[in-house]
Amino acid sequence: MPAFTAAHLLVVDDEVPLMVALRNTLRDEGYRVTGVTSGAEALEALRQDTFDLVLTDLMMPAMNGIALLQDALIVDPQLVAIVMTGHGSIPTAVEAMRTGAIDYVLKPIKLSALIPALERALTLRRLRLKNAELEKRVRERTAELETANKDLEAFSSSVSHDLRTPLRTITGFADILLGHHAKNLPPEVRRHIELIHAGASEMSLLINGLLAFSRFGRQALHPEELDLERISREVWQELTAEQAGRDIELRLSPLPRTQGDPLLVRQVLVNLFSNALKYTRPRAPAVIELGWLKKKDGVAAVYFIRDNGVGFEMRHAENLFGMFQRLHHAREFEGTGVGLASVRRIIERHGGRIWAEAAPDLGATFFFTLPPFAELATVAKSG
Ligand SMILES: Nc1ncnc2c1ncn2[C@@H]1O[C@H](COP(=O)(O)OP(=O)(O)OP(=O)(O)O)[C@@H](O)[C@H]1O
Ligand SMILES: [Mg+2]
């Protein structure tokens with residue numbers, strides 16, 4: 001009894017008695033078998049019904065076995081095929097296998113050779129079906145995820161927008177109370193209004209962060225060749241202008257040219273340098289270094305920004321990149337916890353990776369990669 005009793009076979013041979021004999025023998029073996037005598041009939045049968053395997057003669061008038069296979073695999077890419085051939089035409093059988101046949105059997109057909117070949121081919125058929133099913137499921141899940149992500153994006157962006165107006169009302173009226181009426185207010189009431197004002201300001205920062213984060217995810221990438229060294233110097237200058245009185249040293253190695261969206265990559269540097277400056281505040285001197293390493297493949301570079309600041313424990317290293325995740329208390333280091341989530345989103349949109357290494361009190365290093373330009377161009381197109 002064959003393992004695939006339910007398997008549906010299509011036998012194709014232009015010599016009617018041969019086809020009939022083979023069809024009946026295979027039926028006796030327990031297969032479901034349909035027999036036809038030309039390529040055209042075979043294709044018609046394949047369009048009408050589902051078959052697991054085609055067993056076809058190679059030499060047939062009008063449409064030979066190879067032409068039939070080519071068309072049959074278009075109708076059903078998971079179909080498996082075995083060709084039947086005489087001793088004289090083994091090279092043609094080899095050509096048939098290049099076209100997609102799994103195996104060939106020699107004429108006159110011996111059942112002892114045919115059955116094992118059929119069973120092998122049917123095992124492959126089963127694997128192909130499973131594989132196709134899995135691929136389909138992955139495609140469906142990916143599409144579902146993409147839709148869910150888009151919905152979530154749209155939701156958070158519209159909620160953030162909608163929250164801004166009432167928030168402006170709260171800060172606006174708190175401002176008026178603290179400005180014009182402050183002297184008429186008992187100190188405790190004034191303190192409460194100040195707290196309302198501070199809370200609303202913080203919420204406004206969070207909302208702006210959320211909006212920026214969602215913008216980094218949606219805005220189209222415009223990759224171009226970048227001079228990371230120049231951008232870094234510009235960013236550094238802007239940021240350190242607000243750090244008067246601090247003893248800060250920047251160590252900037254010569255950097256290879258890279259590719260990316262200039263505005264988004266600039267934002268990555270702004271966020272990472274801001275963190276480095278913020279979390280080295282207790283240090284004098286603060287030493288911040290931007291360098292790079294060659295990746296093993298020799299093409300892409302790994303960039304890093306290292307500081308000698310307060311650092312953190314490595315078990316938190318993955319969490320930092322989540323939205324609103326903070327390790328340090330706002331009393332010590334202000335912030336909303338949006339910076340690194342945005343950085344990760346930008347780097348991943350470029351097809352790169354980001355990770356961190358740190359130790360408490362010994363500083364932190366953030367590593368990121370940007371892919372070579374050719375790859376990036378494809379990311380940008382598909383993204
Ligand atoms: N260079 C660093 N050294 C030590 N801790 C860091 C460093 N960079 C980030 N962290 C930790 O990771 C957390 C998340 O960083 P992230 O930049 O996302 O937020 P933030 O700096 O707190 O706020 P903001 O949204 O204003 O950037 C920080 O709160 C801090 O605890
Ligand atoms: Mg930050």
# chains A, B, ... in the order shown; residues from 1 in each chain; ligands from 1
>>> select_by_dssp(residues="range 232-270 of chain A", states="strand (DSSP E or B)", output="list in words")
Ile248, Glu249, Leu250, Arg251, Leu252, Thr258, Gln259 and Gly260 of chain A
>>> residues_around(residues="range 75-80 of chain A", least_positions_apart="6", cutoff="9 Å", atoms="only C-alpha atoms", output="PyMOL selection string")
chain A and resi 43+46-47+50-55+100-102+121-122+124-126+128-129+132
>>> residues_near_ligand(ligand="ligand 2", cutoff="6 Å", atoms="only C-alpha atoms and all ligand atoms", output="PyMOL selection string")
chain A and resi 271+275+339
>>> write_last_selection(atoms="N, CA and C atoms", output="compact mmCIF listing (two decimals), in the first residue's frame")
# COMPACT_ATOMS: atom_id res chain seq x y z
N ASN A 271 20.54 62.92 19.57
CA ASN A 271 20.06 62.19 20.75
C ASN A 271 21.19 61.49 21.50
N ASN A 275 22.55 62.60 25.24
CA ASN A 275 22.62 61.66 26.36
C ASN A 275 24.02 61.66 26.96
N GLY A 339 14.24 59.60 23.52
CA GLY A 339 15.44 59.75 22.68
C GLY A 339 15.93 58.45 22.06
>>> residues_near_ligand(ligand="ligand 1", cutoff="6 Å", atoms="only C-alpha atoms and all ligand atoms", output="list in words")
Asn275, Ala276, Tyr279, Gly309, Val310, Gly311, Phe312, Leu320, Gln325, Arg326, Leu327, His328, Gly335, Thr336, Gly337, Val338, Gly339, Leu340, Ala341 and Ala364 of chain A
>>> write_last_selection(atoms="C-alpha atoms", output="CSV table (one decimal), in the first residue's frame")
chain,number,residue,atom,x,y,z
A,275,ASN,CA,22.6,61.7,26.4
A,276,ALA,CA,26.4,61.5,26.6
A,279,TYR,CA,24.9,61.5,31.8
A,309,GLY,CA,29.5,59.2,32.6
A,310,VAL,CA,27.3,57.5,35.2
A,311,GLY,CA,26.6,54.4,33.0
A,312,PHE,CA,24.0,51.8,33.9
A,320,LEU,CA,16.6,51.6,27.2
A,325,GLN,CA,12.0,53.8,29.4
A,326,ARG,CA,14.3,55.6,31.8
A,327,LEU,CA,16.8,54.3,34.2
A,328,HIS,CA,17.6,57.5,36.0
A,335,GLY,CA,14.2,63.6,30.2
A,336,THR,CA,11.2,61.8,28.7
A,337,GLY,CA,12.7,58.5,27.6
A,338,VAL,CA,11.9,59.1,23.9
A,339,GLY,CA,15.4,59.7,22.7
A,340,LEU,CA,16.8,56.2,22.3
A,341,ALA,CA,13.4,54.8,21.1
A,364,ALA,CA,28.3,53.9,28.4
>>> residues_around(residues="range 186-192 of chain A", least_positions_apart="5", cutoff="12 Å", atoms="only C-alpha atoms", output="PDB file with N, CA and C atoms, in the first residue's frame")
ATOM      1  N   ALA A 174      -3.076  78.372  33.801  1.00  0.00           N
ATOM      2  CA  ALA A 174      -2.159  78.318  34.955  1.00  0.00           C
ATOM      3  C   ALA A 174      -1.203  79.502  34.881  1.00  0.00           C
ATOM      4  N   ASP A 175      -0.741  79.809  33.652  1.00  0.00           N
ATOM      5  CA  ASP A 175       0.143  80.962  33.454  1.00  0.00           C
ATOM      6  C   ASP A 175      -0.524  82.251  33.911  1.00  0.00           C
ATOM      7  N   ILE A 176      -1.801  82.416  33.497  1.00  0.00           N
ATOM      8  CA  ILE A 176      -2.535  83.643  33.848  1.00  0.00           C
ATOM      9  C   ILE A 176      -2.644  83.761  35.363  1.00  0.00           C
ATOM     10  N   LEU A 177      -3.020  82.628  36.012  1.00  0.00           N
ATOM     11  CA  LEU A 177      -3.167  82.645  37.473  1.00  0.00           C
ATOM     12  C   LEU A 177      -1.842  83.014  38.148  1.00  0.00           C
ATOM     13  N   LEU A 178      -0.759  82.407  37.642  1.00  0.00           N
ATOM     14  CA  LEU A 178       0.541  82.643  38.277  1.00  0.00           C
ATOM     15  C   LEU A 178       1.058  84.041  37.963  1.00  0.00           C
ATOM     16  N   GLY A 179       0.658  84.570  36.816  1.00  0.00           N
ATOM     17  CA  GLY A 179       1.129  85.900  36.421  1.00  0.00           C
ATOM     18  C   GLY A 179       0.336  86.996  37.104  1.00  0.00           C
ATOM     19  N   HIS A 180      -0.921  87.171  36.656  1.00  0.00           N
ATOM     20  CA  HIS A 180      -1.714  88.315  37.122  1.00  0.00           C
ATOM     21  C   HIS A 180      -2.184  88.192  38.554  1.00  0.00           C
ATOM     22  N   HIS A 181      -2.552  86.987  38.964  1.00  0.00           N
ATOM     23  CA  HIS A 181      -3.231  86.850  40.259  1.00  0.00           C
ATOM     24  C   HIS A 181      -2.342  86.319  41.358  1.00  0.00           C
ATOM     25  N   HIS A 197       1.061  73.417  36.494  1.00  0.00           N
ATOM     26  CA  HIS A 197       1.813  73.946  35.358  1.00  0.00           C
ATOM     27  C   HIS A 197       2.968  73.017  34.989  1.00  0.00           C
ATOM     28  N   ALA A 198       3.698  72.542  36.012  1.00  0.00           N
ATOM     29  CA  ALA A 198       4.845  71.664  35.759  1.00  0.00           C
ATOM     30  C   ALA A 198       4.382  70.344  35.145  1.00  0.00           C
ATOM     31  N   GLY A 199       3.271  69.808  35.679  1.00  0.00           N
ATOM     32  CA  GLY A 199       2.751  68.546  35.148  1.00  0.00           C
ATOM     33  C   GLY A 199       2.344  68.700  33.691  1.00  0.00           C
TER      34      GLY A 199
END
>>> residues_around(residues="Leu370 in chain A", least_positions_apart="6", cutoff="9 Å", atoms="only C-alpha atoms", output="VMD selection string")
chain A and resid 258 to 260 300 to 303 347 to 348 350 to 353 376
>>> write_last_selection(atoms="N, CA and C atoms", output="PDB file, in the first residue's frame")
ATOM      1  N   THR A 258      29.580  57.758   4.877  1.00  0.00           N
ATOM      2  CA  THR A 258      28.535  56.754   4.992  1.00  0.00           C
ATOM      3  C   THR A 258      27.302  57.233   4.246  1.00  0.00           C
ATOM      4  N   GLN A 259      26.229  56.479   4.347  1.00  0.00           N
ATOM      5  CA  GLN A 259      25.012  56.864   3.646  1.00  0.00           C
ATOM      6  C   GLN A 259      23.839  56.869   4.592  1.00  0.00           C
ATOM      7  N   GLY A 260      22.913  57.767   4.337  1.00  0.00           N
ATOM      8  CA  GLY A 260      21.721  57.787   5.168  1.00  0.00           C
ATOM      9  C   GLY A 260      20.921  59.032   4.870  1.00  0.00           C
ATOM     10  N   ALA A 300      30.549  47.378   5.831  1.00  0.00           N
ATOM     11  CA  ALA A 300      29.848  48.335   6.680  1.00  0.00           C
ATOM     12  C   ALA A 300      30.710  48.681   7.898  1.00  0.00           C
ATOM     13  N   ALA A 301      30.426  49.830   8.483  1.00  0.00           N
ATOM     14  CA  ALA A 301      31.166  50.257   9.667  1.00  0.00           C
ATOM     15  C   ALA A 301      30.239  50.211  10.877  1.00  0.00           C
ATOM     16  N   VAL A 302      30.843  49.962  12.038  1.00  0.00           N
ATOM     17  CA  VAL A 302      30.099  50.089  13.298  1.00  0.00           C
ATOM     18  C   VAL A 302      30.578  51.384  13.943  1.00  0.00           C
ATOM     19  N   TYR A 303      29.677  52.322  14.153  1.00  0.00           N
ATOM     20  CA  TYR A 303      30.043  53.582  14.801  1.00  0.00           C
ATOM     21  C   TYR A 303      29.764  53.457  16.286  1.00  0.00           C
ATOM     22  N   ILE A 347      17.583  54.094  13.069  1.00  0.00           N
ATOM     23  CA  ILE A 347      18.638  53.174  12.637  1.00  0.00           C
ATOM     24  C   ILE A 347      18.010  51.940  11.964  1.00  0.00           C
ATOM     25  N   GLU A 348      16.949  51.413  12.550  1.00  0.00           N
ATOM     26  CA  GLU A 348      16.343  50.210  11.957  1.00  0.00           C
ATOM     27  C   GLU A 348      15.705  50.515  10.616  1.00  0.00           C
ATOM     28  N   HIS A 350      16.935  52.402   8.525  1.00  0.00           N
ATOM     29  CA  HIS A 350      18.055  52.408   7.582  1.00  0.00           C
ATOM     30  C   HIS A 350      18.605  50.997   7.382  1.00  0.00           C
ATOM     31  N   GLY A 351      17.992  50.017   8.027  1.00  0.00           N
ATOM     32  CA  GLY A 351      18.481  48.641   7.896  1.00  0.00           C
ATOM     33  C   GLY A 351      19.655  48.365   8.821  1.00  0.00           C
ATOM     34  N   GLY A 352      19.897  49.235   9.793  1.00  0.00           N
ATOM     35  CA  GLY A 352      21.036  49.059  10.713  1.00  0.00           C
ATOM     36  C   GLY A 352      20.602  48.505  12.054  1.00  0.00           C
ATOM     37  N   ARG A 353      21.551  48.466  12.984  1.00  0.00           N
ATOM     38  CA  ARG A 353      21.300  47.909  14.310  1.00  0.00           C
ATOM     39  C   ARG A 353      21.895  48.841  15.352  1.00  0.00           C
ATOM     40  N   LEU A 376      21.072  50.319   1.193  1.00  0.00           N
ATOM     41  CA  LEU A 376      20.214  51.351   1.742  1.00  0.00           C
ATOM     42  C   LEU A 376      19.195  51.807   0.699  1.00  0.00           C
TER      43      LEU A 376
END
>>> residues_around(residues="Leu152 in chain A", least_positions_apart="5", cutoff="12 Å", atoms="only C-alpha atoms", output="list in words")
Leu145, Glu146, Thr147, Ser157, Ser158, Val159, Ser160, Leu210, Ser214, Gly217 and Arg218 of chain A
>>> select_by_dssp(residues="range 82-118 of chain A", states="alpha helix (DSSP H)", output="list in words")
Ile90, Pro91, Thr92, Ala93, Val94, Glu95, Ala96, Met97, Arg98, Thr99, Leu111, Ser112, Ala113, Leu114, Ile115, Pro116, Ala117 and Leu118 of chain A
>>> write_last_selection(atoms="C-alpha atoms", output="short mmCIF file (atom, residue, chain, number, x, y, z; two decimals), in the first residue's frame")
data_model
loop_
_atom_site.label_atom_id
_atom_site.label_comp_id
_atom_site.auth_asym_id
_atom_site.auth_seq_id
_atom_site.Cartn_x
_atom_site.Cartn_y
_atom_site.Cartn_z
CA ILE A 90 18.33 9.88 -21.31
CA PRO A 91 19.85 13.32 -22.18
CA THR A 92 16.33 14.58 -22.80
CA ALA A 93 15.31 13.18 -19.41
CA VAL A 94 18.17 15.13 -17.84
CA GLU A 95 16.91 18.26 -19.60
CA ALA A 96 13.45 17.51 -18.20
CA MET A 97 14.92 17.39 -14.71
CA ARG A 98 16.46 20.80 -15.26
CA THR A 99 12.99 22.04 -16.17
CA LEU A 111 6.64 -1.19 -11.13
CA SER A 112 9.48 -1.97 -8.70
CA ALA A 113 11.33 1.14 -9.96
CA LEU A 114 8.29 3.35 -10.44
CA ILE A 115 6.67 3.03 -7.00
CA PRO A 116 9.71 4.16 -4.96
CA ALA A 117 10.20 7.08 -7.38
CA LEU A 118 6.54 8.06 -6.97
#
>>> residues_around(residues="Val343 in chain A", least_positions_apart="3", cutoff="10 Å", atoms="only C-alpha atoms", output="PyMOL selection string")
chain A and resi 213+216+264-265+267-272+321+338-340+346-349+354+368
>>> write_last_selection(atoms="N, CA and C atoms", output="mmCIF file, in the first residue's frame")
data_model
loop_
_atom_site.group_PDB
_atom_site.id
_atom_site.type_symbol
_atom_site.label_atom_id
_atom_site.label_comp_id
_atom_site.auth_asym_id
_atom_site.auth_seq_id
_atom_site.Cartn_x
_atom_site.Cartn_y
_atom_site.Cartn_z
ATOM 1 N N PHE A 213 8.535 60.726 17.497
ATOM 2 C CA PHE A 213 8.785 59.293 17.324
ATOM 3 C C PHE A 213 7.951 58.748 16.169
ATOM 4 N N PHE A 216 9.347 59.925 12.845
ATOM 5 C CA PHE A 216 10.560 59.217 12.409
ATOM 6 C C PHE A 216 10.219 57.882 11.777
ATOM 7 N N LEU A 264 17.575 62.557 9.440
ATOM 8 C CA LEU A 264 17.335 61.509 10.442
ATOM 9 C C LEU A 264 18.637 61.085 11.125
ATOM 10 N N VAL A 265 19.714 60.943 10.331
ATOM 11 C CA VAL A 265 20.988 60.542 10.938
ATOM 12 C C VAL A 265 21.482 61.650 11.876
ATOM 13 N N GLN A 267 19.572 63.479 13.645
ATOM 14 C CA GLN A 267 18.778 63.312 14.858
ATOM 15 C C GLN A 267 19.367 62.220 15.754
ATOM 16 N N VAL A 268 19.873 61.157 15.125
ATOM 17 C CA VAL A 268 20.522 60.088 15.895
ATOM 18 C C VAL A 268 21.688 60.672 16.687
ATOM 19 N N LEU A 269 22.514 61.483 15.994
ATOM 20 C CA LEU A 269 23.682 62.062 16.670
ATOM 21 C C LEU A 269 23.259 63.043 17.761
ATOM 22 N N VAL A 270 22.213 63.819 17.484
ATOM 23 C CA VAL A 270 21.723 64.766 18.493
ATOM 24 C C VAL A 270 21.321 63.994 19.743
ATOM 25 N N ASN A 271 20.543 62.922 19.572
ATOM 26 C CA ASN A 271 20.056 62.188 20.746
ATOM 27 C C ASN A 271 21.192 61.495 21.497
ATOM 28 N N LEU A 272 22.117 60.885 20.754
ATOM 29 C CA LEU A 272 23.190 60.161 21.446
ATOM 30 C C LEU A 272 24.167 61.122 22.127
ATOM 31 N N PHE A 321 15.891 51.117 24.915
ATOM 32 C CA PHE A 321 15.434 51.525 23.587
ATOM 33 C C PHE A 321 13.916 51.506 23.477
ATOM 34 N N VAL A 338 12.297 59.233 25.329
ATOM 35 C CA VAL A 338 11.901 59.059 23.932
ATOM 36 C C VAL A 338 13.135 58.990 23.020
ATOM 37 N N GLY A 339 14.241 59.596 23.525
ATOM 38 C CA GLY A 339 15.439 59.748 22.685
ATOM 39 C C GLY A 339 15.930 58.446 22.056
ATOM 40 N N LEU A 340 16.176 57.434 22.890
ATOM 41 C CA LEU A 340 16.762 56.201 22.349
ATOM 42 C C LEU A 340 15.748 55.390 21.543
ATOM 43 N N ILE A 346 15.049 55.044 13.871
ATOM 44 C CA ILE A 346 15.726 55.618 12.696
ATOM 45 C C ILE A 346 16.776 54.643 12.160
ATOM 46 N N ILE A 347 17.583 54.094 13.069
ATOM 47 C CA ILE A 347 18.638 53.174 12.637
ATOM 48 C C ILE A 347 18.010 51.940 11.964
ATOM 49 N N GLU A 348 16.949 51.413 12.550
ATOM 50 C CA GLU A 348 16.343 50.210 11.957
ATOM 51 C C GLU A 348 15.705 50.515 10.616
ATOM 52 N N ARG A 349 15.176 51.706 10.469
ATOM 53 C CA ARG A 349 14.615 52.067 9.163
ATOM 54 C C ARG A 349 15.706 52.144 8.098
ATOM 55 N N ILE A 354 21.348 48.831 16.546
ATOM 56 C CA ILE A 354 21.940 49.637 17.628
ATOM 57 C C ILE A 354 21.939 48.821 18.907
ATOM 58 N N PHE A 368 26.217 51.650 16.692
ATOM 59 C CA PHE A 368 25.187 51.517 15.653
ATOM 60 C C PHE A 368 25.818 51.277 14.295
#
>>> atom_distance(atom1="CA of Ser274 in chain A", atom2="CA of Glu242 in chain A")
10.7 Å
